[in-house]
$ cat input37.tsv   # TSV, C-alpha atoms
chain	number	residue	atom	x	y	z
A	1071	MET	CA	107.84	-3.03	81.32
A	1072	SER	CA	104.41	-1.47	81.10
A	1073	ASN	CA	101.88	-0.89	78.36
A	1074	SER	CA	100.36	2.48	77.48
A	1075	PRO	CA	97.66	3.88	79.76
A	1076	LEU	CA	96.11	5.36	76.58
A	1077	VAL	CA	94.77	1.89	75.66
A	1078	VAL	CA	90.97	1.62	75.74
A	1079	TYR	CA	90.63	-1.78	74.04
A	1080	THR	CA	92.70	-4.94	74.45
A	1081	LYS	CA	92.60	-8.08	72.31
A	1082	LEU	CA	95.85	-9.98	72.72
A	1083	SER	CA	97.11	-11.76	69.64
A	1084	PRO	CA	98.75	-15.19	69.74
A	1085	ASN	CA	101.01	-13.96	66.92
A	1086	HIS	CA	104.21	-12.91	68.68
A	1087	SER	CA	107.61	-14.35	69.58
A	1088	GLY	CA	107.42	-13.97	73.34
A	1089	LYS	CA	109.85	-11.81	75.29
A	1090	ARG	CA	112.04	-9.39	73.37
A	1091	THR	CA	115.74	-10.09	72.97
A	1092	LYS	CA	116.63	-6.40	72.44
A	1093	LYS	CA	115.99	-3.19	74.32
A	1094	ILE	CA	113.23	-0.98	72.87
A	1095	ASP	CA	114.80	1.90	70.93
A	1096	THR	CA	112.57	2.03	67.84
A	1097	ILE	CA	108.98	2.84	66.87
A	1098	THR	CA	107.63	1.56	63.56
A	1099	ILE	CA	104.49	3.16	62.11
A	1100	HIS	CA	102.18	1.15	59.83
A	1101	CYS	CA	98.98	1.87	57.90
A	1102	MET	CA	96.05	-0.53	58.12
A	1103	ALA	CA	95.19	0.12	54.45
A	1104	GLY	CA	91.62	0.68	55.59
A	1105	ASN	CA	89.67	2.86	58.00
A	1106	CYS	CA	89.28	0.02	60.48
A	1107	SER	CA	88.14	0.02	64.07
A	1108	VAL	CA	90.45	-1.30	66.78
A	1109	GLU	CA	88.09	-4.27	67.07
A	1110	THR	CA	88.38	-5.15	63.36
A	1111	CYS	CA	92.17	-4.97	63.46
A	1112	GLY	CA	92.21	-6.99	66.69
A	1113	ASN	CA	90.05	-9.68	65.12
A	1114	LEU	CA	92.47	-9.96	62.18
A	1115	PHE	CA	95.45	-10.34	64.53
A	1116	ALA	CA	93.56	-12.84	66.74
A	1117	SER	CA	93.73	-15.47	64.02
A	1118	SER	CA	96.87	-17.58	64.29
A	1119	SER	CA	96.63	-18.31	60.56
A	1120	ARG	CA	97.15	-14.58	59.90
A	1121	GLN	CA	100.78	-14.74	61.14
A	1122	ALA	CA	100.76	-10.97	61.79
A	1123	SER	CA	100.34	-8.59	64.71
A	1124	SER	CA	101.39	-5.23	66.11
A	1125	ASN	CA	101.88	-3.94	69.61
A	1126	TYR	CA	99.25	-1.21	69.22
A	1127	GLY	CA	96.54	-0.08	66.85
A	1128	ILE	CA	94.79	3.26	66.41
A	1129	GLY	CA	91.29	2.96	65.00
A	1130	THR	CA	89.57	5.36	62.64
A	1131	ASP	CA	87.92	7.07	65.65
A	1132	GLY	CA	91.27	7.60	67.43
A	1133	ARG	CA	90.81	4.88	70.04
A	1134	ILE	CA	94.00	3.00	70.93
A	1135	ALA	CA	94.22	-0.79	71.26
A	1136	LEU	CA	96.79	-3.19	72.62
A	1137	TYR	CA	97.36	-6.39	70.62
A	1138	VAL	CA	100.82	-7.51	71.81
A	1139	ASP	CA	102.32	-6.50	75.16
A	1140	GLU	CA	105.30	-4.16	74.81
A	1141	ALA	CA	107.43	-6.81	76.57
A	1142	ASN	CA	106.85	-9.11	73.57
A	1143	ARG	CA	108.01	-8.96	69.96
A	1144	SER	CA	105.15	-8.49	67.50
A	1145	TRP	CA	105.17	-9.87	63.94
A	1146	CYS	CA	104.75	-6.64	62.05
A	1147	THR	CA	107.55	-5.40	59.77
A	1148	SER	CA	108.79	-8.49	57.92
A	1149	SER	CA	112.01	-8.08	59.93
A	1150	ALA	CA	112.65	-10.02	63.12
A	1151	ALA	CA	115.60	-7.73	63.91
A	1152	ASN	CA	113.44	-4.60	63.65
A	1153	ASP	CA	110.51	-6.10	65.55
A	1154	GLN	CA	112.77	-7.16	68.44
A	1155	ARG	CA	113.66	-3.47	68.99
A	1156	ALA	CA	110.46	-1.75	67.89
A	1157	ILE	CA	107.10	-0.86	69.30
A	1158	THR	CA	104.86	-1.35	66.27
A	1159	ILE	CA	101.72	0.71	65.67
A	1160	GLU	CA	99.02	0.02	63.05
A	1161	CYS	CA	97.05	3.16	62.13
A	1162	ALA	CA	93.67	3.34	60.41
A	1163	SER	CA	94.08	4.91	56.98
A	1164	ASP	CA	92.42	5.29	53.62
A	1165	ASN	CA	92.44	2.02	51.70
A	1166	THR	CA	94.46	3.29	48.74
A	1167	GLU	CA	97.75	5.16	48.29
A	1168	PRO	CA	98.67	7.59	49.77
A	1169	TYR	CA	96.88	5.85	52.72
A	1170	ALA	CA	96.04	9.15	54.44
A	1171	PHE	CA	95.21	9.15	58.16
A	1172	LYS	CA	92.31	11.10	59.62
A	1173	ASP	CA	93.38	14.04	61.80
A	1174	VAL	CA	92.25	12.26	64.98
A	1175	VAL	CA	94.39	9.21	64.12
A	1176	TYR	CA	97.49	11.36	63.55
A	1177	LYS	CA	96.87	13.31	66.77
A	1178	ARG	CA	96.54	10.09	68.75
A	1179	LEU	CA	99.68	8.70	67.08
A	1180	ILE	CA	101.64	11.71	68.38
A	1181	GLU	CA	100.21	11.11	71.88
A	1182	LEU	CA	100.97	7.37	71.80
A	1183	CYS	CA	104.54	7.86	70.54
A	1184	THR	CA	105.11	10.49	73.24
A	1185	ASP	CA	103.83	8.08	75.89
A	1186	ILE	CA	106.00	5.22	74.58
A	1187	CYS	CA	109.09	7.44	74.63
A	1188	LYS	CA	108.36	8.71	78.17
A	1189	ARG	CA	107.78	5.24	79.62
A	1190	ASN	CA	111.00	4.00	77.99
A	1191	GLY	CA	113.10	6.92	79.30
A	1192	LYS	CA	113.54	8.67	75.95
A	1193	THR	CA	113.67	12.45	75.43
A	1194	LYS	CA	114.03	12.48	71.61
A	1195	LEU	CA	112.32	10.74	68.71
A	1196	LEU	CA	114.50	10.73	65.59
A	1197	TRP	CA	113.59	10.39	61.92
A	1198	LEU	CA	116.79	9.93	59.94
A	1199	GLY	CA	114.88	9.33	56.70
A	1200	ASP	CA	117.24	6.72	55.27
A	1201	LYS	CA	117.19	2.96	55.83
A	1202	THR	CA	120.96	2.39	55.72
A	1203	LYS	CA	121.73	5.35	57.96
A	1204	THR	CA	119.00	4.39	60.44
A	1205	LEU	CA	119.95	0.71	60.67
A	1206	LYS	CA	123.63	1.61	61.21
A	1207	TYR	CA	122.75	4.22	63.85
A	1208	SER	CA	123.13	3.29	67.52
A	1209	PRO	CA	120.57	5.37	69.43
A	1210	LYS	CA	121.83	7.10	72.56
A	1211	SER	CA	120.18	6.02	75.82
A	1212	ASP	CA	117.70	8.92	75.61
A	1213	GLU	CA	116.82	8.45	71.90
A	1214	MET	CA	114.16	6.49	70.04
A	1215	VAL	CA	114.34	6.10	66.23
A	1216	LEU	CA	111.58	5.70	63.67
A	1217	THR	CA	111.56	2.97	61.02
A	1218	VAL	CA	108.99	2.03	58.37
A	1219	HIS	CA	107.71	-1.28	57.00
A	1220	ARG	CA	108.64	-0.40	53.39
A	1221	TRP	CA	112.30	-0.66	54.36
A	1222	PHE	CA	111.89	-4.39	55.06
A	1223	ALA	CA	109.27	-5.54	52.52
A	1224	ASN	CA	108.02	-4.60	49.07
A	1225	LYS	CA	105.15	-2.51	50.45
A	1226	SER	CA	104.11	1.13	50.50
A	1227	CYS	CA	103.49	0.97	54.26
A	1228	PRO	CA	103.00	3.36	56.04
A	1229	GLY	CA	101.87	4.99	52.79
A	1230	ASN	CA	103.18	8.15	51.20
A	1231	TRP	CA	100.92	10.37	53.35
A	1232	MET	CA	102.54	9.21	56.61
A	1233	TYR	CA	106.01	8.78	55.10
A	1234	ALA	CA	105.97	12.50	54.20
A	1235	ARG	CA	105.07	13.31	57.84
A	1236	MET	CA	107.64	11.17	59.66
A	1237	GLY	CA	109.86	14.20	60.32
A	1238	ASP	CA	106.85	16.15	61.59
A	1239	LEU	CA	105.92	13.24	63.88
A	1240	ALA	CA	109.46	13.11	65.30
A	1241	SER	CA	109.53	16.90	65.85
A	1242	LYS	CA	106.13	17.01	67.56
A	1243	VAL	CA	106.92	14.08	69.83
A	1244	THR	CA	110.33	15.49	70.75
A	1245	ALA	CA	108.73	18.88	71.51
A	1246	ALA	CA	106.11	17.18	73.73
A	1247	LEU	CA	108.89	15.34	75.56
A	1248	GLY	CA	110.83	18.59	76.10
$ encode --input "input37.tsv" --output "C-alpha coordinates"
Amino acid sequence: MSNSPLVVYTKLSPNHSGKRTKKIDTITIHCMAGNCSVETCGNLFASSSRQASSNYGIGTDGRIALYVDEANRSWCTSSAANDQRAITIECASDNTEPYAFKDVVYKRLIELCTDICKRNGKTKLLWLGDKTKTLKYSPKSDEMVLTVHRWFANKSCPGNWMYARMGDLASKVTAALG
(Lines of atoms letter the chains of each structure in order from A and count residues from 1; the text may use other names and numbers.)
(Lines give C-alpha, C1' and ligand atoms only; values in the text may rest on other atoms or scores of the structure.)
Protein backbone atom coordinates (compact mmCIF):
# COMPACT_ATOMS: atom_id res chain seq x y z
CA MET A 1 0.00 0.00 0.00
CA SER A 2 1.40 3.36 -1.00
CA ASN A 3 0.70 6.96 -0.07
CA SER A 4 -0.11 9.73 -2.54
CA PRO A 5 2.75 11.19 -4.59
CA LEU A 6 0.86 14.52 -4.34
CA VAL A 7 2.08 14.91 -0.73
CA VAL A 8 4.49 17.81 -0.20
CA TYR A 9 4.52 17.81 3.62
CA THR A 10 4.57 14.91 6.06
CA LYS A 11 4.05 15.03 9.82
CA LEU A 12 3.02 11.61 11.06
CA SER A 13 0.55 11.57 13.91
CA PRO A 14 0.72 9.08 16.78
CA ASN A 15 -3.09 9.09 16.77
CA HIS A 16 -4.04 6.01 14.77
CA SER A 17 -4.95 2.36 15.36
CA GLY A 18 -2.18 0.74 13.35
CA LYS A 19 -2.88 -1.46 10.35
CA ARG A 20 -6.37 -1.44 8.87
CA THR A 21 -8.65 -4.42 9.36
CA LYS A 22 -10.74 -3.65 6.24
CA LYS A 23 -9.98 -3.02 2.59
CA ILE A 24 -10.10 0.64 1.51
CA ASP A 25 -13.37 1.32 -0.30
CA THR A 26 -14.37 4.70 1.16
CA ILE A 27 -13.19 8.32 1.18
CA THR A 28 -14.42 10.65 3.91
CA ILE A 29 -14.11 14.41 3.40
CA HIS A 30 -13.79 16.74 6.41
CA CYS A 31 -13.53 20.50 6.91
CA MET A 32 -10.85 21.93 9.19
CA ALA A 33 -13.25 24.69 10.34
CA GLY A 34 -10.45 27.14 9.63
CA ASN A 35 -8.20 28.21 6.77
CA CYS A 36 -5.25 26.32 8.21
CA SER A 37 -1.92 25.42 6.70
CA VAL A 38 -0.88 21.78 6.46
CA GLU A 39 1.68 22.53 9.17
CA THR A 40 -0.95 23.88 11.60
CA CYS A 41 -3.20 20.87 11.07
CA GLY A 42 -0.21 18.54 11.41
CA ASN A 43 0.78 20.16 14.70
CA LEU A 44 -2.75 19.62 16.06
CA PHE A 45 -2.67 15.94 15.09
CA ALA A 46 0.87 15.50 16.47
CA SER A 47 -0.40 15.87 20.03
CA SER A 48 -1.42 12.53 21.52
CA SER A 49 -3.79 14.37 23.86
CA ARG A 50 -5.77 15.51 20.80
CA GLN A 51 -6.97 11.94 20.07
CA ALA A 52 -7.67 12.87 16.43
CA SER A 53 -6.02 12.53 13.04
CA SER A 54 -6.66 12.09 9.33
CA ASN A 55 -4.79 10.36 6.57
CA TYR A 56 -4.37 13.56 4.54
CA GLY A 57 -4.85 17.29 4.83
CA ILE A 58 -5.19 20.01 2.20
CA GLY A 59 -4.05 23.42 3.40
CA THR A 60 -5.51 26.77 2.47
CA ASP A 61 -2.85 27.13 -0.26
CA GLY A 62 -3.70 23.74 -1.81
CA ARG A 63 -0.65 21.88 -0.54
CA ILE A 64 -1.30 18.28 0.47
CA ALA A 65 0.01 16.68 3.67
CA LEU A 66 0.24 13.15 4.98
CA TYR A 67 -0.57 12.65 8.68
CA VAL A 68 -1.41 8.92 8.84
CA ASP A 69 -0.15 6.36 6.31
CA GLU A 70 -2.93 4.93 4.14
CA ALA A 71 -2.07 1.48 5.53
CA ASN A 72 -3.21 2.69 8.97
CA ARG A 73 -6.61 3.63 10.36
CA SER A 74 -6.86 7.31 11.29
CA TRP A 75 -9.06 8.64 14.11
CA CYS A 76 -11.23 11.00 12.13
CA THR A 77 -14.96 10.32 11.81
CA SER A 78 -16.10 9.25 15.29
CA SER A 79 -16.67 5.80 13.75
CA ALA A 80 -14.08 3.04 13.99
CA ALA A 81 -15.99 1.04 11.35
CA ASN A 82 -15.88 3.93 8.86
CA ASP A 83 -12.26 4.82 9.59
CA GLN A 84 -11.14 1.21 9.05
CA ARG A 85 -12.43 1.44 5.44
CA ALA A 86 -11.87 5.11 4.67
CA ILE A 87 -9.11 7.37 3.53
CA THR A 88 -9.85 10.53 5.51
CA ILE A 89 -9.07 14.02 4.22
CA GLU A 90 -9.17 17.25 6.24
CA CYS A 91 -9.66 20.34 4.02
CA ALA A 92 -8.97 23.96 4.92
CA SER A 93 -12.24 25.88 5.03
CA ASP A 94 -13.85 29.03 6.34
CA ASN A 95 -14.24 28.90 10.11
CA THR A 96 -18.03 29.20 10.14
CA GLU A 97 -20.92 27.42 8.40
CA PRO A 98 -21.14 26.74 5.50
CA TYR A 99 -17.35 26.11 5.87
CA ALA A 100 -16.62 27.00 2.23
CA PHE A 101 -13.38 25.78 0.64
CA LYS A 102 -11.18 28.01 -1.51
CA ASP A 103 -11.14 27.03 -5.20
CA VAL A 104 -7.56 25.73 -4.94
CA VAL A 105 -8.51 23.45 -2.03
CA TYR A 106 -11.46 21.98 -3.94
CA LYS A 107 -9.34 21.49 -7.07
CA ARG A 108 -6.66 19.69 -5.07
CA LEU A 109 -9.33 17.57 -3.35
CA ILE A 110 -10.49 16.34 -6.77
CA GLU A 111 -6.87 15.52 -7.69
CA LEU A 112 -6.20 13.72 -4.40
CA CYS A 113 -9.42 11.67 -4.57
CA THR A 114 -8.60 10.72 -8.17
CA ASP A 115 -5.12 9.61 -7.11
CA ILE A 116 -6.48 7.60 -4.16
CA CYS A 117 -8.98 5.84 -6.41
CA LYS A 118 -6.34 5.05 -9.07
CA ARG A 119 -3.83 3.64 -6.59
CA ASN A 120 -6.57 1.48 -5.03
CA GLY A 121 -7.78 0.11 -8.39
CA LYS A 122 -11.06 2.03 -8.48
CA THR A 123 -12.71 3.44 -11.61
CA LYS A 124 -15.75 5.09 -9.95
CA LEU A 125 -16.32 7.34 -6.96
CA LEU A 126 -19.92 7.17 -5.73
CA TRP A 127 -21.98 9.64 -3.71
CA LEU A 128 -25.20 7.93 -2.68
CA GLY A 129 -26.26 10.89 -0.53
CA ASP A 130 -27.90 8.87 2.23
CA LYS A 131 -26.27 7.39 5.33
CA THR A 132 -28.42 4.25 5.57
CA LYS A 133 -28.17 3.48 1.86
CA THR A 134 -24.40 4.09 1.84
CA LEU A 135 -23.64 2.00 4.92
CA LYS A 136 -25.72 -0.91 3.57
CA TYR A 137 -24.08 -0.68 0.14
CA SER A 138 -21.30 -3.14 -0.72
CA PRO A 139 -19.02 -1.38 -3.21
CA LYS A 140 -18.01 -3.40 -6.26
CA SER A 141 -14.28 -4.07 -6.62
CA ASP A 142 -13.87 -1.03 -8.90
CA GLU A 143 -15.93 1.39 -6.74
CA MET A 144 -15.10 3.80 -3.94
CA VAL A 145 -17.89 5.45 -1.90
CA LEU A 146 -18.01 8.81 -0.15
CA THR A 147 -19.09 9.26 3.47
CA VAL A 148 -19.21 12.34 5.71
CA HIS A 149 -18.41 12.95 9.37
CA ARG A 150 -21.90 14.32 10.13
CA TRP A 151 -23.30 10.83 9.62
CA PHE A 152 -21.36 9.57 12.66
CA ALA A 153 -21.30 12.56 15.05
CA ASN A 154 -23.40 15.61 15.87
CA LYS A 155 -21.32 17.89 13.63
CA SER A 156 -21.81 19.91 10.46
CA CYS A 157 -18.62 18.44 8.97
CA PRO A 158 -17.77 18.73 6.09
CA GLY A 159 -20.00 21.81 6.19
CA ASN A 160 -22.96 22.61 3.97
CA TRP A 161 -20.72 24.06 1.23
CA MET A 162 -18.92 20.75 0.66
CA TYR A 163 -21.97 18.60 1.43
CA ALA A 164 -23.78 20.31 -1.47
CA ARG A 165 -20.82 19.45 -3.75
CA MET A 166 -20.33 15.78 -2.88
CA GLY A 167 -22.13 14.68 -6.06
CA ASP A 168 -20.01 17.08 -8.11
CA LEU A 169 -16.85 15.71 -6.48
CA ALA A 170 -17.87 12.12 -7.30
CA SER A 171 -18.71 13.05 -10.92
CA LYS A 172 -15.45 14.93 -11.49
CA VAL A 173 -13.32 12.19 -9.98
CA THR A 174 -15.13 9.47 -11.94
CA ALA A 175 -14.68 11.48 -15.16
CA ALA A 176 -10.95 11.89 -14.42
CA LEU A 177 -10.67 8.14 -13.84
CA GLY A 178 -12.46 7.39 -17.14
$ residues_around --input "input37.tsv" --residues "Pro1228 in chain A" --least-positions-apart "6" --cutoff "10 Å" --atoms "all atoms listed in the file" --output "list in words"
Thr1098, Ile1099, His1100, Cys1101, Met1102, Ala1103, Glu1160, Cys1161, Ser1163, Glu1167, Pro1168, Tyr1169, Ala1170, Phe1171, Thr1217, Val1218, His1219, Arg1220, Ala1234 and Met1236 of chain A
$ residues_around --input "input37.tsv" --residues "range 1144-1147 of chain A" --least-positions-apart "5" --cutoff "7 Å" --atoms "only C-alpha atoms" --output "mmCIF file with C-alpha atoms, in the frame of the given file"
data_model
loop_
_atom_site.group_PDB
_atom_site.id
_atom_site.type_symbol
_atom_site.label_atom_id
_atom_site.label_comp_id
_atom_site.auth_asym_id
_atom_site.auth_seq_id
_atom_site.Cartn_x
_atom_site.Cartn_y
_atom_site.Cartn_z
ATOM 1 C CA ASN A 1085 101.010 -13.960 66.920
ATOM 2 C CA HIS A 1086 104.210 -12.910 68.680
ATOM 3 C CA SER A 1087 107.610 -14.350 69.580
ATOM 4 C CA ALA A 1122 100.760 -10.970 61.790
ATOM 5 C CA SER A 1123 100.340 -8.590 64.710
ATOM 6 C CA SER A 1124 101.390 -5.230 66.110
ATOM 7 C CA ASN A 1125 101.880 -3.940 69.610
ATOM 8 C CA VAL A 1138 100.820 -7.510 71.810
ATOM 9 C CA ASP A 1153 110.510 -6.100 65.550
ATOM 10 C CA THR A 1158 104.860 -1.350 66.270
ATOM 11 C CA HIS A 1219 107.710 -1.280 57.000
ATOM 12 C CA PHE A 1222 111.890 -4.390 55.060
#
$ closest_residue --input "input37.tsv" --among "A:Asn1230, A:Thr1166, A:Thr1091, A:Asn1190" --to "Asn1073 in chain A" --atoms "only C-alpha atoms"
A:Asn1190
$ residues_around --input "input37.tsv" --residues "Pro1084 in chain A" --least-positions-apart "4" --cutoff "8 Å" --atoms "all atoms listed in the file" --output "list in words"
Phe1115, Ala1116, Ser1117 and Ser1118 of chain A
$ write_last_selection --input "input37.tsv" --atoms "C-alpha atoms" --output "CSV table (one decimal), in the frame of the given file"
chain,number,residue,atom,x,y,z
A,1115,PHE,CA,95.4,-10.3,64.5
A,1116,ALA,CA,93.6,-12.8,66.7
A,1117,SER,CA,93.7,-15.5,64.0
A,1118,SER,CA,96.9,-17.6,64.3
$ residues_around --input "input37.tsv" --residues "range 1172-1188 of chain A" --least-positions-apart "5" --cutoff "9 Å" --atoms "only C-alpha atoms" --output "PDB file with C-alpha atoms, keeping the file's coordinate frame"
ATOM      1  CA  ASN A1073     101.880  -0.890  78.360  1.00  0.00           C
ATOM      2  CA  SER A1074     100.360   2.480  77.480  1.00  0.00           C
ATOM      3  CA  PRO A1075      97.660   3.880  79.760  1.00  0.00           C
ATOM      4  CA  LEU A1076      96.110   5.360  76.580  1.00  0.00           C
ATOM      5  CA  ASP A1095     114.800   1.900  70.930  1.00  0.00           C
ATOM      6  CA  ILE A1097     108.980   2.840  66.870  1.00  0.00           C
ATOM      7  CA  ILE A1099     104.490   3.160  62.110  1.00  0.00           C
ATOM      8  CA  ASN A1105      89.670   2.860  58.000  1.00  0.00           C
ATOM      9  CA  ILE A1128      94.790   3.260  66.410  1.00  0.00           C
ATOM     10  CA  GLY A1129      91.290   2.960  65.000  1.00  0.00           C
ATOM     11  CA  THR A1130      89.570   5.360  62.640  1.00  0.00           C
ATOM     12  CA  ASP A1131      87.920   7.070  65.650  1.00  0.00           C
ATOM     13  CA  GLY A1132      91.270   7.600  67.430  1.00  0.00           C
ATOM     14  CA  ARG A1133      90.810   4.880  70.040  1.00  0.00           C
ATOM     15  CA  ILE A1134      94.000   3.000  70.930  1.00  0.00           C
ATOM     16  CA  ILE A1157     107.100  -0.860  69.300  1.00  0.00           C
ATOM     17  CA  ILE A1159     101.720   0.710  65.670  1.00  0.00           C
ATOM     18  CA  CYS A1161      97.050   3.160  62.130  1.00  0.00           C
ATOM     19  CA  ALA A1162      93.670   3.340  60.410  1.00  0.00           C
ATOM     20  CA  SER A1163      94.080   4.910  56.980  1.00  0.00           C
ATOM     21  CA  ASP A1164      92.420   5.290  53.620  1.00  0.00           C
ATOM     22  CA  THR A1193     113.670  12.450  75.430  1.00  0.00           C
ATOM     23  CA  LYS A1194     114.030  12.480  71.610  1.00  0.00           C
ATOM     24  CA  LEU A1195     112.320  10.740  68.710  1.00  0.00           C
ATOM     25  CA  ASP A1212     117.700   8.920  75.610  1.00  0.00           C
ATOM     26  CA  GLU A1213     116.820   8.450  71.900  1.00  0.00           C
ATOM     27  CA  MET A1214     114.160   6.490  70.040  1.00  0.00           C
ATOM     28  CA  MET A1232     102.540   9.210  56.610  1.00  0.00           C
ATOM     29  CA  LEU A1239     105.920  13.240  63.880  1.00  0.00           C
ATOM     30  CA  ALA A1240     109.460  13.110  65.300  1.00  0.00           C
ATOM     31  CA  LYS A1242     106.130  17.010  67.560  1.00  0.00           C
ATOM     32  CA  VAL A1243     106.920  14.080  69.830  1.00  0.00           C
ATOM     33  CA  THR A1244     110.330  15.490  70.750  1.00  0.00           C
ATOM     34  CA  ALA A1246     106.110  17.180  73.730  1.00  0.00           C
ATOM     35  CA  LEU A1247     108.890  15.340  75.560  1.00  0.00           C
TER      36      LEU A1247
END
$ decode --input "input37.tsv" --residues "range 1075-1091 of chain A" --atoms "N, CA, C and O atoms" --output "short mmCIF file (atom, residue, chain, number, x, y, z; two decimals), in the first residue's frame"
data_model
loop_
_atom_site.label_atom_id
_atom_site.label_comp_id
_atom_site.auth_asym_id
_atom_site.auth_seq_id
_atom_site.Cartn_x
_atom_site.Cartn_y
_atom_site.Cartn_z
N PRO A 1075 1.58 10.42 -4.16
CA PRO A 1075 2.75 11.19 -4.59
C PRO A 1075 2.47 12.70 -4.62
O PRO A 1075 3.39 13.49 -4.84
N LEU A 1076 1.22 13.11 -4.38
CA LEU A 1076 0.86 14.52 -4.34
C LEU A 1076 1.29 15.19 -3.03
O LEU A 1076 1.25 16.42 -2.91
N VAL A 1077 1.69 14.39 -2.05
CA VAL A 1077 2.08 14.91 -0.73
C VAL A 1077 3.35 15.73 -0.84
O VAL A 1077 4.34 15.30 -1.42
N VAL A 1078 3.30 16.95 -0.25
CA VAL A 1078 4.49 17.81 -0.20
C VAL A 1078 4.95 18.08 1.23
O VAL A 1078 5.98 18.71 1.44
N TYR A 1079 4.18 17.61 2.20
CA TYR A 1079 4.52 17.81 3.62
C TYR A 1079 4.05 16.58 4.38
O TYR A 1079 2.94 16.11 4.18
N THR A 1080 4.92 16.08 5.25
CA THR A 1080 4.57 14.91 6.06
C THR A 1080 4.86 15.21 7.53
O THR A 1080 5.95 15.69 7.87
N LYS A 1081 3.88 14.98 8.38
CA LYS A 1081 4.05 15.03 9.82
C LYS A 1081 3.17 13.91 10.38
O LYS A 1081 1.97 14.08 10.54
N LEU A 1082 3.79 12.77 10.64
CA LEU A 1082 3.02 11.61 11.06
C LEU A 1082 2.50 11.75 12.48
O LEU A 1082 3.23 12.12 13.39
N SER A 1083 1.23 11.48 12.63
CA SER A 1083 0.55 11.57 13.91
C SER A 1083 0.65 10.24 14.66
O SER A 1083 0.54 9.18 14.06
N PRO A 1084 0.79 10.31 16.00
CA PRO A 1084 0.72 9.08 16.78
C PRO A 1084 -0.72 8.58 16.96
O PRO A 1084 -0.95 7.48 17.45
N ASN A 1085 -1.67 9.38 16.54
CA ASN A 1085 -3.09 9.09 16.77
C ASN A 1085 -3.67 8.26 15.63
O ASN A 1085 -4.25 8.76 14.68
N HIS A 1086 -3.47 6.95 15.72
CA HIS A 1086 -4.04 6.01 14.77
C HIS A 1086 -4.09 4.63 15.44
O HIS A 1086 -3.53 4.44 16.51
N SER A 1087 -4.76 3.70 14.79
CA SER A 1087 -4.95 2.36 15.36
C SER A 1087 -4.06 1.31 14.74
O SER A 1087 -4.33 0.12 14.86
N GLY A 1088 -3.03 1.72 14.02
CA GLY A 1088 -2.18 0.74 13.35
C GLY A 1088 -2.84 0.26 12.08
O GLY A 1088 -3.70 0.92 11.50
N LYS A 1089 -2.42 -0.92 11.63
CA LYS A 1089 -2.88 -1.46 10.35
C LYS A 1089 -4.40 -1.61 10.29
O LYS A 1089 -5.03 -2.00 11.26
N ARG A 1090 -4.93 -1.31 9.11
CA ARG A 1090 -6.37 -1.44 8.87
C ARG A 1090 -6.81 -2.90 8.98
O ARG A 1090 -6.04 -3.80 8.67
N THR A 1091 -8.06 -3.09 9.34
CA THR A 1091 -8.65 -4.42 9.36
C THR A 1091 -9.60 -4.63 8.18
O THR A 1091 -10.14 -5.72 8.01
#
